[in-house]
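Single-structure report; data block below.
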Amino acid sequence: MSAQTELPQAASETTGSCCSPSGSCHSDTAAETPQGAVTAVYEVKGMTCGHCEGAVSGEISELAGVTSVTAVAATGLVTVVSAAPLDEAAVRDAVDEAGYELGGVKS
């Protein structure tokens, strides 16, 4: 399972389940990384389902400069693409706000 958030979202894309506009808890399509973007992988403790993935993705996607977030409960990994490197404390706060614990940065 994985949840992916692409920003910005058009209003027409907000229908569907709590997990995604298409009504599924995951997407099989790979997002393209914008040129010059920074990709970081974080370990998040406590995610167990698609709802968890969506909560974590939603909070992290609100950080300035974030262009996409992909959370995978099965591995506990969250991949974040942003315009510039993110402040780890800001990511930690976002994960805490979602109700989970940031385990650390994988890459």
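Order determines the names: the first chain of the structure tokens is A, the second B, and so forth; residues in each chain are numbered 1 upward, and ligands are numbered 1 upward as they are shown.
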Stretch 49-72 of chain A near stretch 77-88 of chain A within 8 Å: what's each residue's closest atom pair and its distance in Å to one decimal, counting only C-alpha atoms, ordered by chain then ascending residue number, as a Markdown table?
```
| residue | atom | partner | partner_atom | distance |
| --- | --- | --- | --- | --- |
| A:Ser57 | CA | A:Val78 | CA | 7.9 |
| A:Gly65 | CA | A:Ala83 | CA | 5.1 |
| A:Val66 | CA | A:Ser82 | CA | 4.1 |
| A:Thr67 | CA | A:Ser82 | CA | 5.2 |
| A:Ser68 | CA | A:Val81 | CA | 5.2 |
| A:Val69 | CA | A:Val80 | CA | 4.6 |
| A:Thr70 | CA | A:Thr79 | CA | 5.1 |
| A:Ala71 | CA | A:Val78 | CA | 4.2 |
| A:Val72 | CA | A:Leu77 | CA | 5.6 |
```
Any chance you could export the current selection's all heavy atoms as an mmCIF file, in the first residue's frame?
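And here's again.cif as it stands now:
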```cif
data_model
loop_
_atom_site.group_PDB
_atom_site.id
_atom_site.type_symbol
_atom_site.label_atom_id
_atom_site.label_comp_id
_atom_site.auth_asym_id
_atom_site.auth_seq_id
_atom_site.Cartn_x
_atom_site.Cartn_y
_atom_site.Cartn_z
ATOM 1 N N SER A 57 1.038 11.640 4.715
ATOM 2 C CA SER A 57 1.230 12.344 3.440
ATOM 3 C C SER A 57 0.603 13.724 3.473
ATOM 4 O O SER A 57 1.191 14.695 2.993
ATOM 5 C CB SER A 57 0.627 11.541 2.288
ATOM 6 O OG SER A 57 1.317 10.335 2.105
ATOM 7 N N GLY A 65 7.435 24.015 -0.186
ATOM 8 C CA GLY A 65 8.368 23.459 -1.157
ATOM 9 C C GLY A 65 8.134 22.005 -1.507
ATOM 10 O O GLY A 65 8.742 21.494 -2.440
ATOM 11 N N VAL A 66 7.259 21.311 -0.774
ATOM 12 C CA VAL A 66 7.011 19.896 -1.040
ATOM 13 C C VAL A 66 6.164 19.761 -2.302
ATOM 14 O O VAL A 66 5.129 20.409 -2.444
ATOM 15 C CB VAL A 66 6.312 19.217 0.155
ATOM 16 C CG1 VAL A 66 5.874 17.804 -0.199
ATOM 17 C CG2 VAL A 66 7.240 19.197 1.368
ATOM 18 N N THR A 67 6.620 18.920 -3.233
ATOM 19 C CA THR A 67 5.883 18.712 -4.480
ATOM 20 C C THR A 67 5.202 17.356 -4.546
ATOM 21 O O THR A 67 4.236 17.192 -5.268
ATOM 22 C CB THR A 67 6.802 18.884 -5.708
ATOM 23 O OG1 THR A 67 7.902 17.977 -5.594
ATOM 24 C CG2 THR A 67 7.310 20.320 -5.811
ATOM 25 N N SER A 68 5.714 16.353 -3.813
ATOM 26 C CA SER A 68 5.022 15.069 -3.748
ATOM 27 C C SER A 68 5.463 14.295 -2.507
ATOM 28 O O SER A 68 6.569 14.484 -2.007
ATOM 29 C CB SER A 68 5.247 14.227 -5.005
ATOM 30 O OG SER A 68 6.531 13.659 -5.021
ATOM 31 N N VAL A 69 4.539 13.445 -2.035
ATOM 32 C CA VAL A 69 4.804 12.601 -0.874
ATOM 33 C C VAL A 69 4.250 11.218 -1.177
ATOM 34 O O VAL A 69 3.102 11.092 -1.615
ATOM 35 C CB VAL A 69 4.114 13.150 0.400
ATOM 36 C CG1 VAL A 69 4.420 12.253 1.599
ATOM 37 C CG2 VAL A 69 4.509 14.586 0.680
ATOM 38 N N THR A 70 5.045 10.189 -0.950
ATOM 39 C CA THR A 70 4.589 8.810 -1.104
ATOM 40 C C THR A 70 4.903 8.067 0.188
ATOM 41 O O THR A 70 6.068 7.922 0.553
ATOM 42 C CB THR A 70 5.301 8.110 -2.282
ATOM 43 O OG1 THR A 70 5.076 8.863 -3.476
ATOM 44 C CG2 THR A 70 4.749 6.699 -2.469
ATOM 45 N N ALA A 71 3.847 7.635 0.890
ATOM 46 C CA ALA A 71 4.002 6.896 2.142
ATOM 47 C C ALA A 71 3.632 5.438 1.912
ATOM 48 O O ALA A 71 2.632 5.159 1.246
ATOM 49 C CB ALA A 71 3.114 7.514 3.217
ATOM 50 N N VAL A 72 4.405 4.517 2.466
ATOM 51 C CA VAL A 72 4.140 3.088 2.333
ATOM 52 C C VAL A 72 4.134 2.474 3.737
ATOM 53 O O VAL A 72 5.192 2.338 4.365
ATOM 54 C CB VAL A 72 5.201 2.402 1.435
ATOM 55 C CG1 VAL A 72 4.886 0.924 1.288
ATOM 56 C CG2 VAL A 72 5.279 3.081 0.084
#
```
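Minimum atom-to-atom distance to A:Lys45, evaluated using only C-alpha atoms, belongs to A:Gly99 out of A:Lys106, A:Gly99, A:Ala89, A:Gly58.
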Pick from A:Ala64, A:Gly103, A:Thr75, A:Glu97 nearest to A:Tyr42, counting only C-alpha atoms: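 Among A:Ala64, A:Gly103, A:Thr75, A:Glu97, it is A:Gly103 that comes nearest to A:Tyr42.
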Interatomic distance (Å, one decimal) between atom CA of A:Ala37 and atom CA of A:Gly104: 20.3 Å
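Considering only C-alpha atoms, the residue among A:Glu53, A:Gly46, A:Gln35, A:Ile60 positioned nearest to A:Val95 is A:Ile60.
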Between atom CA of A:Leu102 and atom CA of A:Val44, distance in Å (one decimal): 4.6 Å
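The space between atom CA of A:Cys52 and atom CA of A:Val38 spans 23.9 Å.
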Surrounding residues of A:Thr48 excluding itself and chain neighbours under 6 positions, 9 Å, only C-alpha atoms, as a list of chain:residue names: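 The contact residues come out as A:Val72, A:Ala73, A:Ala74, A:Gly76.
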Export of prior selection with all heavy atoms as a PDB file, in the first residue's frame:
```pdb
ATOM      1  N   VAL A  72       4.405   4.517   2.466  1.00  0.00           N
ATOM      2  CA  VAL A  72       4.140   3.088   2.333  1.00  0.00           C
ATOM      3  C   VAL A  72       4.134   2.474   3.737  1.00  0.00           C
ATOM      4  O   VAL A  72       5.192   2.338   4.365  1.00  0.00           O
ATOM      5  CB  VAL A  72       5.201   2.402   1.435  1.00  0.00           C
ATOM      6  CG1 VAL A  72       4.886   0.924   1.288  1.00  0.00           C
ATOM      7  CG2 VAL A  72       5.279   3.081   0.084  1.00  0.00           C
ATOM      8  N   ALA A  73       2.950   2.118   4.219  1.00  0.00           N
ATOM      9  CA  ALA A  73       2.817   1.567   5.568  1.00  0.00           C
ATOM     10  C   ALA A  73       3.586   0.265   5.724  1.00  0.00           C
ATOM     11  O   ALA A  73       4.179   0.006   6.774  1.00  0.00           O
ATOM     12  CB  ALA A  73       1.340   1.364   5.898  1.00  0.00           C
ATOM     13  N   ALA A  74       3.594  -0.577   4.701  1.00  0.00           N
ATOM     14  CA  ALA A  74       4.235  -1.890   4.785  1.00  0.00           C
ATOM     15  C   ALA A  74       5.725  -1.792   5.097  1.00  0.00           C
ATOM     16  O   ALA A  74       6.286  -2.657   5.770  1.00  0.00           O
ATOM     17  CB  ALA A  74       4.029  -2.664   3.487  1.00  0.00           C
ATOM     18  N   GLY A  76       7.116   1.352   6.203  1.00  0.00           N
ATOM     19  CA  GLY A  76       7.320   2.452   7.133  1.00  0.00           C
ATOM     20  C   GLY A  76       8.118   3.588   6.527  1.00  0.00           C
ATOM     21  O   GLY A  76       8.613   4.454   7.246  1.00  0.00           O
TER      22      GLY A  76
END
```
All strand (DSSP E) residues (DSSP, backbone) inside stretch 24-104 of chain A, as JSON, numbers by chain: {"A": [38, 39, 40, 41, 42, 43, 44, 45, 66, 67, 68, 69, 70, 71, 72, 77, 78, 79, 80, 81, 82, 101, 102, 103, 104]}
N, CA, C and O atoms of the current selection, written as a short mmCIF file (atom, residue, chain, number, x, y, z; two decimals), in the first residue's frame:
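Everything below was put into selection_36.cif:
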```
data_model
loop_
_atom_site.label_atom_id
_atom_site.label_comp_id
_atom_site.auth_asym_id
_atom_site.auth_seq_id
_atom_site.Cartn_x
_atom_site.Cartn_y
_atom_site.Cartn_z
N VAL A 38 14.74 17.80 -4.78
CA VAL A 38 15.46 17.00 -3.78
C VAL A 38 14.52 15.89 -3.31
O VAL A 38 13.36 16.14 -2.99
N THR A 39 15.02 14.65 -3.29
CA THR A 39 14.24 13.53 -2.81
C THR A 39 14.85 13.03 -1.51
O THR A 39 16.06 12.81 -1.43
N ALA A 40 14.01 12.87 -0.48
CA ALA A 40 14.45 12.35 0.81
C ALA A 40 13.50 11.23 1.22
O ALA A 40 12.30 11.29 0.95
N VAL A 41 14.06 10.22 1.87
CA VAL A 41 13.27 9.10 2.36
C VAL A 41 13.36 9.09 3.88
O VAL A 41 14.46 9.10 4.45
N TYR A 42 12.19 9.08 4.53
CA TYR A 42 12.11 9.11 5.98
C TYR A 42 11.49 7.82 6.49
O TYR A 42 10.61 7.25 5.85
N GLU A 43 11.93 7.38 7.66
CA GLU A 43 11.31 6.24 8.33
C GLU A 43 10.28 6.80 9.30
O GLU A 43 10.59 7.67 10.13
N VAL A 44 9.03 6.32 9.19
CA VAL A 44 7.96 6.76 10.07
C VAL A 44 7.42 5.54 10.80
O VAL A 44 7.03 4.55 10.19
N LYS A 45 7.39 5.61 12.12
CA LYS A 45 6.93 4.50 12.95
C LYS A 45 5.45 4.63 13.25
O LYS A 45 4.97 5.72 13.54
N VAL A 66 7.26 21.31 -0.77
CA VAL A 66 7.01 19.90 -1.04
C VAL A 66 6.16 19.76 -2.30
O VAL A 66 5.13 20.41 -2.44
N THR A 67 6.62 18.92 -3.23
CA THR A 67 5.88 18.71 -4.48
C THR A 67 5.20 17.36 -4.55
O THR A 67 4.24 17.19 -5.27
N SER A 68 5.71 16.35 -3.81
CA SER A 68 5.02 15.07 -3.75
C SER A 68 5.46 14.29 -2.51
O SER A 68 6.57 14.48 -2.01
N VAL A 69 4.54 13.44 -2.03
CA VAL A 69 4.80 12.60 -0.87
C VAL A 69 4.25 11.22 -1.18
O VAL A 69 3.10 11.09 -1.61
N THR A 70 5.05 10.19 -0.95
CA THR A 70 4.59 8.81 -1.10
C THR A 70 4.90 8.07 0.19
O THR A 70 6.07 7.92 0.55
N ALA A 71 3.85 7.63 0.89
CA ALA A 71 4.00 6.90 2.14
C ALA A 71 3.63 5.44 1.91
O ALA A 71 2.63 5.16 1.25
N VAL A 72 4.40 4.52 2.47
CA VAL A 72 4.14 3.09 2.33
C VAL A 72 4.13 2.47 3.74
O VAL A 72 5.19 2.34 4.37
N LEU A 77 8.23 3.61 5.20
CA LEU A 77 9.03 4.64 4.52
C LEU A 77 8.14 5.67 3.85
O LEU A 77 7.11 5.35 3.28
N VAL A 78 8.59 6.92 3.92
CA VAL A 78 7.90 8.03 3.28
C VAL A 78 8.91 8.75 2.39
O VAL A 78 9.94 9.22 2.88
N THR A 79 8.61 8.80 1.09
CA THR A 79 9.48 9.48 0.14
C THR A 79 8.91 10.86 -0.14
O THR A 79 7.74 10.99 -0.51
N VAL A 80 9.74 11.88 0.04
CA VAL A 80 9.30 13.27 -0.13
C VAL A 80 10.16 13.93 -1.19
O VAL A 80 11.38 13.88 -1.13
N VAL A 81 9.50 14.53 -2.17
CA VAL A 81 10.19 15.32 -3.19
C VAL A 81 9.88 16.78 -2.91
O VAL A 81 8.71 17.15 -2.71
N SER A 82 10.92 17.61 -2.87
CA SER A 82 10.75 19.02 -2.57
C SER A 82 11.69 19.86 -3.42
O SER A 82 12.66 19.36 -3.98
N GLU A 101 5.52 8.78 14.57
CA GLU A 101 6.84 9.14 15.05
C GLU A 101 7.86 9.04 13.90
O GLU A 101 7.93 8.01 13.23
N LEU A 102 8.63 10.10 13.72
CA LEU A 102 9.68 10.09 12.72
C LEU A 102 10.86 9.31 13.29
O LEU A 102 11.41 9.64 14.34
N GLY A 103 11.22 8.22 12.59
CA GLY A 103 12.33 7.38 13.04
C GLY A 103 13.67 7.89 12.58
O GLY A 103 14.69 7.61 13.19
N GLY A 104 13.69 8.62 11.48
CA GLY A 104 14.94 9.17 10.97
C GLY A 104 14.91 9.31 9.46
O GLY A 104 13.92 8.99 8.81
#
```
